$ cat entry.tsv   # TSV, C-alpha atoms
chain	number	residue	atom	x	y	z
A	1	MET	CA	-30.86	68.42	6.75
A	2	LEU	CA	-31.16	64.62	6.75
A	3	ILE	CA	-29.88	64.39	10.34
A	4	LEU	CA	-32.43	66.99	11.44
A	5	ILE	CA	-35.26	65.11	9.74
A	6	LEU	CA	-34.10	61.80	11.25
A	7	GLY	CA	-33.97	63.40	14.69
A	8	ILE	CA	-37.49	64.79	14.33
A	9	ILE	CA	-38.79	61.39	13.23
A	10	VAL	CA	-37.08	59.56	16.11
A	11	PHE	CA	-38.01	62.11	18.79
A	12	LEU	CA	-41.60	62.74	17.76
A	13	GLY	CA	-42.07	59.11	16.73
A	14	THR	CA	-41.14	58.03	20.23
A	15	HIS	CA	-43.59	60.49	21.73
A	16	THR	CA	-46.31	59.55	19.24
A	17	PHE	CA	-45.93	55.86	20.12
A	18	THR	CA	-47.13	56.58	23.65
A	19	THR	CA	-50.44	57.90	22.28
A	20	PHE	CA	-51.26	54.36	21.16
A	21	ARG	CA	-52.08	53.21	24.67
A	22	ASP	CA	-52.89	49.59	23.87
A	23	ARG	CA	-49.57	49.06	22.08
A	24	ARG	CA	-47.70	50.92	24.81
A	25	GLU	CA	-49.31	48.76	27.51
A	26	ARG	CA	-48.46	45.54	25.66
A	27	LEU	CA	-44.84	46.66	25.37
A	28	VAL	CA	-44.73	47.64	29.05
A	29	GLU	CA	-46.14	44.21	29.97
A	30	SER	CA	-43.54	42.38	27.88
A	31	LEU	CA	-40.52	44.51	28.85
A	32	GLY	CA	-41.45	45.70	32.31
A	33	LEU	CA	-42.09	49.34	33.19
A	34	ASN	CA	-38.52	50.25	34.13
A	35	THR	CA	-37.03	48.66	31.01
A	36	PHE	CA	-39.66	50.39	28.86
A	37	LYS	CA	-38.87	53.75	30.46
A	38	ALA	CA	-35.14	53.23	30.00
A	39	ILE	CA	-35.47	52.31	26.30
A	40	TYR	CA	-37.98	55.12	25.73
A	41	SER	CA	-35.66	57.66	27.37
A	42	VAL	CA	-32.59	56.53	25.40
A	43	VAL	CA	-34.44	56.63	22.07
A	44	ALA	CA	-36.04	60.03	22.81
A	45	LEU	CA	-32.68	61.42	23.93
A	46	ALA	CA	-31.04	60.09	20.76
A	47	GLY	CA	-33.72	61.86	18.72
A	48	PHE	CA	-33.16	65.08	20.63
A	49	VAL	CA	-29.39	64.88	20.08
A	50	LEU	CA	-29.95	64.29	16.36
A	51	ILE	CA	-32.27	67.32	16.22
A	52	VAL	CA	-29.75	69.59	17.92
A	53	TRP	CA	-26.86	68.27	15.82
A	54	GLY	CA	-28.85	68.34	12.58
A	55	PHE	CA	-30.16	71.87	13.17
A	56	SER	CA	-26.71	73.17	14.03
A	57	LEU	CA	-25.29	71.61	10.84
A	58	TYR	CA	-28.16	73.14	8.88
A	59	GLN	CA	-27.48	76.60	10.35
A	60	ALA	CA	-23.74	76.27	9.71
A	61	ASP	CA	-24.39	75.42	6.04
A	62	GLY	CA	-26.57	78.51	5.67
A	63	LYS	CA	-30.30	78.71	6.09
A	64	ILE	CA	-32.56	78.07	3.12
A	65	VAL	CA	-34.88	81.09	3.21
A	66	LEU	CA	-38.43	80.39	2.06
A	67	TRP	CA	-39.99	83.71	3.04
A	68	THR	CA	-39.13	86.83	4.97
A	69	ALA	CA	-40.69	86.64	8.41
A	70	PRO	CA	-42.82	89.70	9.19
A	71	ALA	CA	-41.30	92.26	11.54
A	72	TRP	CA	-44.15	91.76	14.00
A	73	GLY	CA	-43.37	88.02	14.07
A	74	HIS	CA	-40.24	88.66	16.13
A	75	ASP	CA	-42.18	90.78	18.64
A	76	ALA	CA	-44.99	88.24	18.83
A	77	ALA	CA	-42.43	85.49	19.41
A	78	ILE	CA	-40.96	87.35	22.37
A	79	VAL	CA	-44.41	87.62	24.00
A	80	LEU	CA	-45.42	84.04	23.17
A	81	MET	CA	-42.21	82.69	24.65
A	82	TRP	CA	-43.04	84.22	28.04
A	83	PHE	CA	-46.34	82.33	27.96
A	84	CYS	CA	-44.42	79.23	26.90
A	85	PHE	CA	-42.11	79.37	29.91
A	86	VAL	CA	-44.95	80.05	32.35
A	87	ALA	CA	-46.94	77.14	30.89
A	88	LEU	CA	-43.87	74.92	31.17
A	89	ALA	CA	-43.38	75.95	34.79
A	90	ALA	CA	-47.07	75.22	35.49
A	91	SER	CA	-46.78	71.66	34.22
A	92	GLY	CA	-45.86	70.21	37.60
A	93	LYS	CA	-48.23	68.14	39.71
A	94	ALA	CA	-49.25	70.88	42.17
A	95	PRO	CA	-52.76	72.16	41.51
A	96	GLY	CA	-53.02	75.74	40.32
A	97	LYS	CA	-55.33	78.05	38.46
A	98	ILE	CA	-52.90	78.39	35.52
A	99	ARG	CA	-52.49	74.63	35.29
A	100	GLY	CA	-56.27	74.18	35.41
A	101	TRP	CA	-56.85	76.82	32.73
A	102	LEU	CA	-54.35	75.19	30.39
A	103	ARG	CA	-55.39	71.61	31.22
A	104	HIS	CA	-52.25	70.22	29.56
A	105	PRO	CA	-49.61	72.90	30.20
A	106	MET	CA	-46.70	70.99	28.65
A	107	LEU	CA	-48.56	70.66	25.35
A	108	VAL	CA	-49.52	74.33	25.50
A	109	ALA	CA	-45.86	75.21	26.05
A	110	VAL	CA	-44.81	73.17	23.00
A	111	LYS	CA	-47.49	74.87	20.88
A	112	PHE	CA	-46.44	78.37	22.01
A	113	TRP	CA	-42.75	77.54	21.46
A	114	ALA	CA	-43.35	76.19	17.96
A	115	LEU	CA	-45.74	78.95	16.91
A	116	ALA	CA	-43.43	81.66	18.24
A	117	HIS	CA	-40.51	80.30	16.26
A	118	LEU	CA	-42.58	79.85	13.10
A	119	LEU	CA	-43.61	83.51	13.30
A	120	ALA	CA	-40.03	84.70	13.75
A	121	ASN	CA	-38.37	82.51	11.11
A	122	GLY	CA	-38.88	81.93	7.43
A	123	ASP	CA	-36.42	79.18	6.59
A	124	LEU	CA	-36.81	75.56	5.59
A	125	GLY	CA	-35.08	74.08	8.65
A	126	GLY	CA	-37.20	76.21	10.97
A	127	LEU	CA	-40.35	75.21	9.12
A	128	LEU	CA	-39.46	71.52	9.42
A	129	LEU	CA	-38.47	71.72	13.08
A	130	PHE	CA	-41.08	74.06	14.50
A	131	GLY	CA	-43.84	73.04	12.10
A	132	SER	CA	-43.44	69.37	12.96
A	133	PHE	CA	-43.52	70.10	16.70
A	134	LEU	CA	-46.63	72.26	16.31
A	135	ALA	CA	-48.35	69.58	14.24
A	136	TRP	CA	-47.36	66.92	16.77
A	137	ALA	CA	-48.65	68.99	19.72
A	138	VAL	CA	-52.01	69.49	17.97
A	139	TYR	CA	-52.15	65.75	17.21
A	140	ASP	CA	-51.25	64.85	20.79
A	141	ARG	CA	-53.90	67.19	22.22
A	142	ILE	CA	-56.51	65.46	20.04
A	143	ALA	CA	-55.21	62.04	21.14
A	144	VAL	CA	-55.37	63.06	24.80
A	145	LYS	CA	-58.93	64.29	24.39
A	146	ARG	CA	-60.00	61.10	22.58
A	147	ARG	CA	-58.81	58.92	25.41
A	148	GLY	CA	-60.81	61.00	27.87
A	149	ASP	CA	-57.93	62.72	29.64
A	150	VAL	CA	-59.38	66.12	30.57
A	151	GLY	CA	-56.06	67.20	32.06
A	152	ALA	CA	-55.49	69.24	35.17
A	153	GLY	CA	-58.49	70.03	37.30
A	154	ARG	CA	-59.77	73.54	37.73
A	155	VAL	CA	-59.21	75.26	41.07
A	156	PRO	CA	-61.26	78.20	42.36
A	157	ALA	CA	-58.38	80.53	43.27
A	158	PHE	CA	-54.72	81.17	42.58
A	159	THR	CA	-52.40	78.95	44.56
A	160	ARG	CA	-48.78	78.92	45.60
A	161	ALA	CA	-48.10	76.81	42.50
A	162	ASP	CA	-49.31	79.70	40.32
A	163	GLY	CA	-46.88	82.09	41.98
A	164	ILE	CA	-44.08	79.60	41.49
A	165	ALA	CA	-45.06	79.06	37.83
A	166	LEU	CA	-45.15	82.80	37.16
A	167	GLY	CA	-41.88	83.43	38.99
A	168	ALA	CA	-39.94	80.43	37.71
A	169	GLY	CA	-41.32	80.85	34.20
A	170	THR	CA	-40.33	84.51	34.11
A	171	VAL	CA	-36.83	83.83	35.45
A	172	ALA	CA	-36.30	81.04	32.90
A	173	TYR	CA	-37.66	83.30	30.15
A	174	VAL	CA	-35.26	86.14	30.99
A	175	ALA	CA	-32.37	83.69	31.31
A	176	MET	CA	-33.14	82.24	27.88
A	177	ILE	CA	-33.18	85.69	26.30
A	178	PHE	CA	-29.58	86.10	27.37
A	179	LEU	CA	-28.55	82.47	26.79
A	180	HIS	CA	-30.21	82.11	23.37
A	181	PRO	CA	-27.23	83.60	21.46
A	182	VAL	CA	-24.85	81.26	23.32
A	183	LEU	CA	-26.94	78.08	23.19
A	184	ILE	CA	-28.73	78.55	19.87
A	185	GLY	CA	-26.44	81.00	18.07
A	186	VAL	CA	-29.19	83.52	17.35
A	187	PRO	CA	-29.69	86.72	19.35
A	188	VAL	CA	-33.22	87.39	20.59
A	189	LEU	CA	-32.76	91.09	21.18
A	190	TYR	CA	-31.31	93.20	18.38
$ encode --input "entry.tsv" --output "structure tokens"
Amino acid sequence: MLILILGIIVFLGTHTFTTFRDRRERLVESLGLNTFKAIYSVVALAGFVLIVWGFSLYQADGKIVLWTAPAWGHDAAIVLMWFCFVALAASGKAPGKIRGWLRHPMLVAVKFWALAHLLANGDLGGLLLFGSFLAWAVYDRIAVKRRGDVGAGRVPAFTRADGIALGAGTVAYVAMIFLHPVLIGVPVLY
């Protein structure tokens, strides 16, 4: 569990640091943009690796069940994850109606992912992992709003980017349903 917690702190700490724009800019000025990006990427990747490793160790040791997730939580998670993948696919730079609706599609995707997994799980490791990501995404959305970043602009009609987001998001969603047991060790469909 300690490795999982360390990974969450490193990964989300790295991402939280960037919300402090003045500190980030000072560091970019002193290191240079490319060096900053390289260090940032290495630290974030290290956090991600620690999360994956720590969560797999936690699962192998046996989950610590805190509550029994409701039966509808699994069904809700399946639906929310489709929205998650579409939001993720809409997070590119091309303008689209979906991207404009969501304003910050990557943050929306993180929120849907975390909420979906909180609804479908009732264990301590899941609560730490998904709860911390949900809390961070809410924090980051507030930070983005405070600095005046309204996000993606609204467009009057659906665009090619929307079709790509719907198509790519759906394909990735279906692929993950089948890959989830292999990559995560937990079947999505019973």
$ atom_distance --input "entry.tsv" --atom1 "atom CA of Val42 of chain A" --atom2 "atom CA of Val86 of chain A"
27.5 Å
$ residues_around --input "entry.tsv" --residues "Gly163 of chain A" --least-positions-apart "3" --cutoff "12 Å" --atoms "only C-alpha atoms" --output "number ranges by chain"
A: 86, 89-90, 94-99, 157-160, 166-170
$ atom_distance --input "entry.tsv" --atom1 "atom CA of Thr18 of chain A" --atom2 "atom CA of Leu6 of chain A"
18.7 Å
$ atom_distance --input "entry.tsv" --atom1 "atom CA of Leu129 of chain A" --atom2 "atom CA of Ala87 of chain A"
20.5 Å
$ residues_around --input "entry.tsv" --residues "segment 146-149 of chain A" --least-positions-apart "6" --cutoff "12 Å" --atoms "all atoms listed in the file" --output "number ranges by chain"
A: 19-22, 103-104, 139-140
$ residues_around --input "entry.tsv" --residues "Trp67 of chain A" --least-positions-apart "6" --cutoff "10 Å" --atoms "all atoms listed in the file" --output "list in words"
Asn121, Gly122, Asp123 and Leu124 of chain A
$ residues_near_point --input "entry.tsv" --point "(-31.3, 66.2, 19.3)" --cutoff "10 Å" --atoms "only C-alpha atoms" --output "PDB file with C-alpha atoms, keeping the file's coordinate frame"
ATOM      1  CA  ILE A   3     -29.880  64.390  10.340  1.00  0.00           C
ATOM      2  CA  LEU A   4     -32.430  66.990  11.440  1.00  0.00           C
ATOM      3  CA  LEU A   6     -34.100  61.800  11.250  1.00  0.00           C
ATOM      4  CA  GLY A   7     -33.970  63.400  14.690  1.00  0.00           C
ATOM      5  CA  ILE A   8     -37.490  64.790  14.330  1.00  0.00           C
ATOM      6  CA  VAL A  10     -37.080  59.560  16.110  1.00  0.00           C
ATOM      7  CA  PHE A  11     -38.010  62.110  18.790  1.00  0.00           C
ATOM      8  CA  ALA A  44     -36.040  60.030  22.810  1.00  0.00           C
ATOM      9  CA  LEU A  45     -32.680  61.420  23.930  1.00  0.00           C
ATOM     10  CA  ALA A  46     -31.040  60.090  20.760  1.00  0.00           C
ATOM     11  CA  GLY A  47     -33.720  61.860  18.720  1.00  0.00           C
ATOM     12  CA  PHE A  48     -33.160  65.080  20.630  1.00  0.00           C
ATOM     13  CA  VAL A  49     -29.390  64.880  20.080  1.00  0.00           C
ATOM     14  CA  LEU A  50     -29.950  64.290  16.360  1.00  0.00           C
ATOM     15  CA  ILE A  51     -32.270  67.320  16.220  1.00  0.00           C
ATOM     16  CA  VAL A  52     -29.750  69.590  17.920  1.00  0.00           C
ATOM     17  CA  TRP A  53     -26.860  68.270  15.820  1.00  0.00           C
ATOM     18  CA  GLY A  54     -28.850  68.340  12.580  1.00  0.00           C
ATOM     19  CA  PHE A  55     -30.160  71.870  13.170  1.00  0.00           C
ATOM     20  CA  SER A  56     -26.710  73.170  14.030  1.00  0.00           C
TER      21      SER A  56
END
$ closest_residue --input "entry.tsv" --among "A:Trp101, A:Tyr173, A:Tyr58, A:Phe112" --to "Val188 of chain A" --atoms "all atoms listed in the file"
A:Tyr173
$ closest_residue --input "entry.tsv" --among "A:Ile9, A:Ala152, A:Ala120, A:Val138" --to "Val108 of chain A" --atoms "all atoms listed in the file"
A:Val138
$ residues_near_point --input "entry.tsv" --point "(-50.2, 69.9, 18.0)" --cutoff "12 Å" --atoms "all atoms listed in the file" --output "list in words"
Leu12, Thr16, His104, Met106, Leu107, Val108, Ala109, Val110, Lys111, Phe112, Trp113, Ala114, Leu115, Phe130, Gly131, Ser132, Phe133, Leu134, Ala135, Trp136, Ala137, Val138, Tyr139, Asp140, Arg141, Ile142, Ala143 and Val144 of chain A
$ closest_residue --input "entry.tsv" --among "A:Arg154, A:Gly13, A:Ile5, A:Ala165" --to "Trp82 of chain A" --atoms "only C-alpha atoms"
A:Ala165
